[in-house]
Amino acid sequence: MVSNDMLLVENEPKENRGRKIWFIVVLLLLVATCVIVYYFLFKKDLNFEAYKTVIDKTAENGLGRLTLNEIIIDDNQILLNATFKPVKGLNFDYQTFFFPQVLVNGKEFTVRNGGQTIQQSDKTYTIYSSVKLSELPDDKILNLDIRYNDWNGEKKIDAPWEFQVEASQEQLQEDRKVFPVEKKVKLLDGQEITIEEVVSTPISTTIYFHSEKSLLNEALHFKIQSAAGESWPFNVAYPLNEEYTKWGVRLDALYLTGKSYELIPVAANGSELGSAIKIGD
């Protein structure tokens, strides 16, 4: 059973660093799976050592001590695991979140920032972060500038915890599977999207699509179905650009290892949009 002292929060960055902030706060009692907890906490028996970079570096400021434990590089996503020890008297609990800013090779690619705070003891908290990106450079080793500079999305931390580290994505690139699609789909409102590709890693699977005009994220869902009839829903799309014309929709903890699947676009009302699209061999 998932503890009731955990919350999941997502923060969409400001437009041109001035974009409005919005939050989706969901009690994890109502969430079946969450990739951050799934990989770092509940599934320690799974071997993801090949995709992890152990950091084990500590920074301190007037709020407390933060240790960056490890990083996982996924397809256009970075997962971070840190431990926080607040100073005595600080008003801090599991409902307080840090949203890290991550620069990759000196550039900002973040499109969404999510996280969880989990209380381990009276004096220690685990901080899990999921940073979704519009893209990632192809370099096998990435230079990351990580700044924990945001308190609950409400205020900046004056002296942020900062880490300059390297992280490898070499093994992920080898195990990453790309299913080209390049199919057009007409939505119920008459707009048309182009499904570009499906990218699957041992950590998640993402469907990428674009449109000529801005879309609402509620406009389109997907499901992927295997040859054996098993299916997985993709229901939470997020924008990859400020014009809301490039999108991704990700399902964590799904790795497509088969040769072929069917991709089915689904409208928000549950109706299928056209015929199933075969992907793979």
# chains A, B, ... in the order shown; residues from 1 in each chain; ligands from 1

call {"tool": "residues_around", "arguments": {"residues": "segment 197-202 of chain A", "least_positions_apart": "3", "cutoff": "9 Å", "atoms": "only C-alpha atoms", "output": "JSON, numbers by chain"}}
result
{"A": [48, 74, 75, 172, 173, 175, 176, 177, 178, 179, 180, 181, 182, 183, 205, 206, 207, 208, 209, 253, 254, 255, 256, 257, 279]}

call {"tool": "residues_around", "arguments": {"residues": "segment 62-71 of chain A", "least_positions_apart": "5", "cutoff": "9 Å", "atoms": "only C-alpha atoms", "output": "ChimeraX atom specification"}}
result
/A:51-57,78-88,90,159,161,163,167

call {"tool": "closest_residue", "arguments": {"among": "A:Gln171, A:Ser226, A:Ser271, A:Asn91", "to": "Asp122 of chain A", "atoms": "only C-alpha atoms"}}
result
A:Asn91

call {"tool": "residues_around", "arguments": {"residues": "Asn269 of chain A", "least_positions_apart": "3", "cutoff": "12 Å", "atoms": "only C-alpha atoms", "output": "MDAnalysis selection string"}}
result
chainID A and resid 187:188 218:222 235 265:266 272:273

call {"tool": "write_last_selection", "arguments": {"atoms": "C-alpha atoms", "output": "PDB file, in the first residue's frame"}}
result
ATOM      1  CA  LEU A 187      -9.465  14.978 -34.738  1.00  0.00           C
ATOM      2  CA  LEU A 188     -13.152  15.403 -33.950  1.00  0.00           C
ATOM      3  CA  GLU A 218      -7.301  16.937 -23.569  1.00  0.00           C
ATOM      4  CA  ALA A 219      -7.822  16.689 -27.322  1.00  0.00           C
ATOM      5  CA  LEU A 220      -6.225  13.329 -27.933  1.00  0.00           C
ATOM      6  CA  HIS A 221      -5.417  10.107 -26.149  1.00  0.00           C
ATOM      7  CA  PHE A 222      -3.779   6.925 -27.447  1.00  0.00           C
ATOM      8  CA  ASN A 235      -3.779   9.751 -21.518  1.00  0.00           C
ATOM      9  CA  PRO A 265      -5.586   7.317 -31.507  1.00  0.00           C
ATOM     10  CA  VAL A 266      -8.544   7.894 -29.185  1.00  0.00           C
ATOM     11  CA  GLU A 272     -11.350   5.656 -31.780  1.00  0.00           C
ATOM     12  CA  LEU A 273     -10.099   8.039 -34.471  1.00  0.00           C
TER      13      LEU A 273
END

call {"tool": "residues_around", "arguments": {"residues": "Ile157 of chain A", "least_positions_apart": "4", "cutoff": "12 Å", "atoms": "only C-alpha atoms", "output": "list in words"}}
result
Asn61, Gly62, Leu63, Gly64, Phe97, Phe98, Phe99, Pro100, Gln101, Arg147, Tyr148, Asn149, Asp150, Trp151, Asn152, Gly153, Trp161 and Glu162 of chain A

call {"tool": "residues_around", "arguments": {"residues": "Asn76 of chain A", "least_positions_apart": "4", "cutoff": "6 Å", "atoms": "only C-alpha atoms", "output": "ChimeraX atom specification"}}
result
/A:133,135-136

call {"tool": "select_by_dssp", "arguments": {"residues": "segment 26-274 of chain A", "states": "alpha helix (DSSP H)", "output": "PDB file with N, CA and C atoms, in the first residue's frame"}}
result
ATOM      1  N   VAL A  35       6.372   6.825 -11.979  1.00  0.00           N
ATOM      2  CA  VAL A  35       7.683   6.354 -12.388  1.00  0.00           C
ATOM      3  C   VAL A  35       8.755   6.680 -11.371  1.00  0.00           C
ATOM      4  N   ILE A  36       8.691   7.831 -10.712  1.00  0.00           N
ATOM      5  CA  ILE A  36       9.767   8.205  -9.806  1.00  0.00           C
ATOM      6  C   ILE A  36       9.840   7.218  -8.653  1.00  0.00           C
ATOM      7  N   VAL A  37       8.703   7.003  -7.979  1.00  0.00           N
ATOM      8  CA  VAL A  37       8.680   6.042  -6.885  1.00  0.00           C
ATOM      9  C   VAL A  37       8.902   4.636  -7.406  1.00  0.00           C
ATOM     10  N   GLU A 170      24.712   6.443 -22.555  1.00  0.00           N
ATOM     11  CA  GLU A 170      25.218   5.519 -23.566  1.00  0.00           C
ATOM     12  C   GLU A 170      24.414   4.224 -23.609  1.00  0.00           C
ATOM     13  N   GLN A 171      24.192   3.602 -22.446  1.00  0.00           N
ATOM     14  CA  GLN A 171      23.451   2.348 -22.430  1.00  0.00           C
ATOM     15  C   GLN A 171      22.001   2.564 -22.844  1.00  0.00           C
ATOM     16  N   LEU A 172      21.424   3.679 -22.431  1.00  0.00           N
ATOM     17  CA  LEU A 172      20.045   3.979 -22.818  1.00  0.00           C
ATOM     18  C   LEU A 172      19.935   4.116 -24.328  1.00  0.00           C
ATOM     19  N   GLN A 173      20.899   4.771 -24.945  1.00  0.00           N
ATOM     20  CA  GLN A 173      20.872   4.936 -26.400  1.00  0.00           C
ATOM     21  C   GLN A 173      20.948   3.582 -27.102  1.00  0.00           C
ATOM     22  N   GLU A 174      21.691   2.654 -26.536  1.00  0.00           N
ATOM     23  CA  GLU A 174      21.786   1.319 -27.138  1.00  0.00           C
ATOM     24  C   GLU A 174      20.479   0.551 -27.008  1.00  0.00           C
ATOM     25  N   ASP A 175      19.786   0.723 -25.903  1.00  0.00           N
ATOM     26  CA  ASP A 175      18.568  -0.048 -25.633  1.00  0.00           C
ATOM     27  C   ASP A 175      17.296   0.665 -26.081  1.00  0.00           C
TER      28      ASP A 175
END

call {"tool": "closest_residue", "arguments": {"among": "A:Lys246, A:Asp158, A:Ile141, A:Ser231", "to": "Ile193 of chain A", "atoms": "only C-alpha atoms"}}
result
A:Lys246

call {"tool": "atom_distance", "arguments": {"atom1": "atom CA of Lys186 of chain A", "atom2": "atom CA of Thr110 of chain A"}}
result
28.9 Å

call {"tool": "closest_residue", "arguments": {"among": "A:Glu49, A:Glu242, A:Glu60, A:Glu262", "to": "Gln169 of chain A", "atoms": "only C-alpha atoms"}}
result
A:Glu49

call {"tool": "closest_residue", "arguments": {"among": "A:Lys155, A:His210, A:Lys123, A:Lys184", "to": "Gly248 of chain A", "atoms": "only C-alpha atoms"}}
result
A:His210

call {"tool": "closest_residue", "arguments": {"among": "A:Ile127, A:Ala276, A:Gln77, A:Lys140", "to": "Ser204 of chain A", "atoms": "only C-alpha atoms"}}
result
A:Gln77

call {"tool": "atom_distance", "arguments": {"atom1": "atom CA of Val165 of chain A", "atom2": "atom CA of Gln120 of chain A"}}
result
25.7 Å

call {"tool": "closest_residue", "arguments": {"among": "A:Phe109, A:Tyr125, A:Trp232, A:Tyr238", "to": "Leu144 of chain A", "atoms": "only C-alpha atoms"}}
result
A:Phe109

call {"tool": "select_by_dssp", "arguments": {"residues": "segment 79-232 of chain A", "states": "strand (DSSP E or B)", "output": "VMD selection string"}}
result
chain A and resid 79 to 86 98 to 104 107 to 108 110 to 119 125 to 133 141 to 151 155 to 168 177 to 186 192 to 200 204 to 211 221 to 226 231 to 232

call {"tool": "atom_distance", "arguments": {"atom1": "atom CA of Val102 of chain A", "atom2": "atom CA of Ser168 of chain A"}}
result
15.1 Å

call {"tool": "decode", "arguments": {"residues": "segment 123-187 of chain A", "atoms": "C-alpha atoms", "output": "CSV table (one decimal), in the first residue's frame"}}
result
chain,number,residue,atom,x,y,z
A,123,LYS,CA,15.0,14.7,10.1
A,124,THR,CA,15.3,13.2,6.7
A,125,TYR,CA,13.3,13.4,3.4
A,126,THR,CA,13.8,11.8,0.0
A,127,ILE,CA,13.3,14.2,-2.9
A,128,TYR,CA,12.4,12.6,-6.2
A,129,SER,CA,12.3,14.7,-9.3
A,130,SER,CA,11.2,14.1,-12.9
A,131,VAL,CA,12.3,16.7,-15.4
A,132,LYS,CA,10.7,16.3,-18.9
A,133,LEU,CA,12.6,17.9,-21.8
A,134,SER,CA,11.8,19.0,-25.3
A,135,GLU,CA,14.9,17.3,-26.5
A,136,LEU,CA,18.3,15.9,-25.4
A,137,PRO,CA,21.6,16.2,-27.1
A,138,ASP,CA,23.0,13.0,-28.6
A,139,ASP,CA,26.2,13.0,-26.6
A,140,LYS,CA,26.9,9.8,-24.7
A,141,ILE,CA,28.0,11.9,-21.7
A,142,LEU,CA,25.9,14.9,-20.8
A,143,ASN,CA,27.1,17.9,-18.7
A,144,LEU,CA,24.3,18.8,-16.2
A,145,ASP,CA,24.0,21.9,-14.2
A,146,ILE,CA,21.4,21.2,-11.5
A,147,ARG,CA,20.0,23.9,-9.4
A,148,TYR,CA,17.4,23.3,-6.7
A,149,ASN,CA,16.2,26.9,-6.7
A,150,ASP,CA,12.4,26.6,-6.5
A,151,TRP,CA,10.4,26.2,-3.3
A,152,ASN,CA,6.9,24.8,-4.0
A,153,GLY,CA,6.7,26.8,-7.2
A,154,GLU,CA,6.0,29.8,-5.1
A,155,LYS,CA,9.4,31.4,-4.4
A,156,LYS,CA,13.0,31.2,-5.4
A,157,ILE,CA,15.6,29.9,-3.0
A,158,ASP,CA,18.1,32.6,-2.5
A,159,ALA,CA,21.2,30.3,-2.2
A,160,PRO,CA,20.1,27.3,-4.2
A,161,TRP,CA,21.8,23.9,-3.9
A,162,GLU,CA,23.9,23.5,-7.1
A,163,PHE,CA,25.6,20.5,-8.6
A,164,GLN,CA,27.7,20.3,-11.8
A,165,VAL,CA,27.8,16.7,-12.8
A,166,GLU,CA,28.2,14.4,-15.8
A,167,ALA,CA,25.7,11.7,-16.6
A,168,SER,CA,25.8,8.9,-19.1
A,169,GLN,CA,23.1,8.0,-21.6
A,170,GLU,CA,25.2,5.5,-23.6
A,171,GLN,CA,23.5,2.3,-22.4
A,172,LEU,CA,20.0,4.0,-22.8
A,173,GLN,CA,20.9,4.9,-26.4
A,174,GLU,CA,21.8,1.3,-27.1
A,175,ASP,CA,18.6,0.0,-25.6
A,176,ARG,CA,16.3,2.7,-27.0
A,177,LYS,CA,13.8,1.5,-29.6
A,178,VAL,CA,12.3,3.8,-32.2
A,179,PHE,CA,9.1,2.9,-34.1
A,180,PRO,CA,8.6,5.4,-37.0
A,181,VAL,CA,5.0,6.3,-37.7
A,182,GLU,CA,4.6,9.5,-39.8
A,183,LYS,CA,0.8,9.1,-40.0
A,184,LYS,CA,-1.8,11.9,-40.1
A,185,VAL,CA,-4.9,11.7,-37.9
A,186,LYS,CA,-8.0,13.9,-38.1
A,187,LEU,CA,-9.5,15.0,-34.7
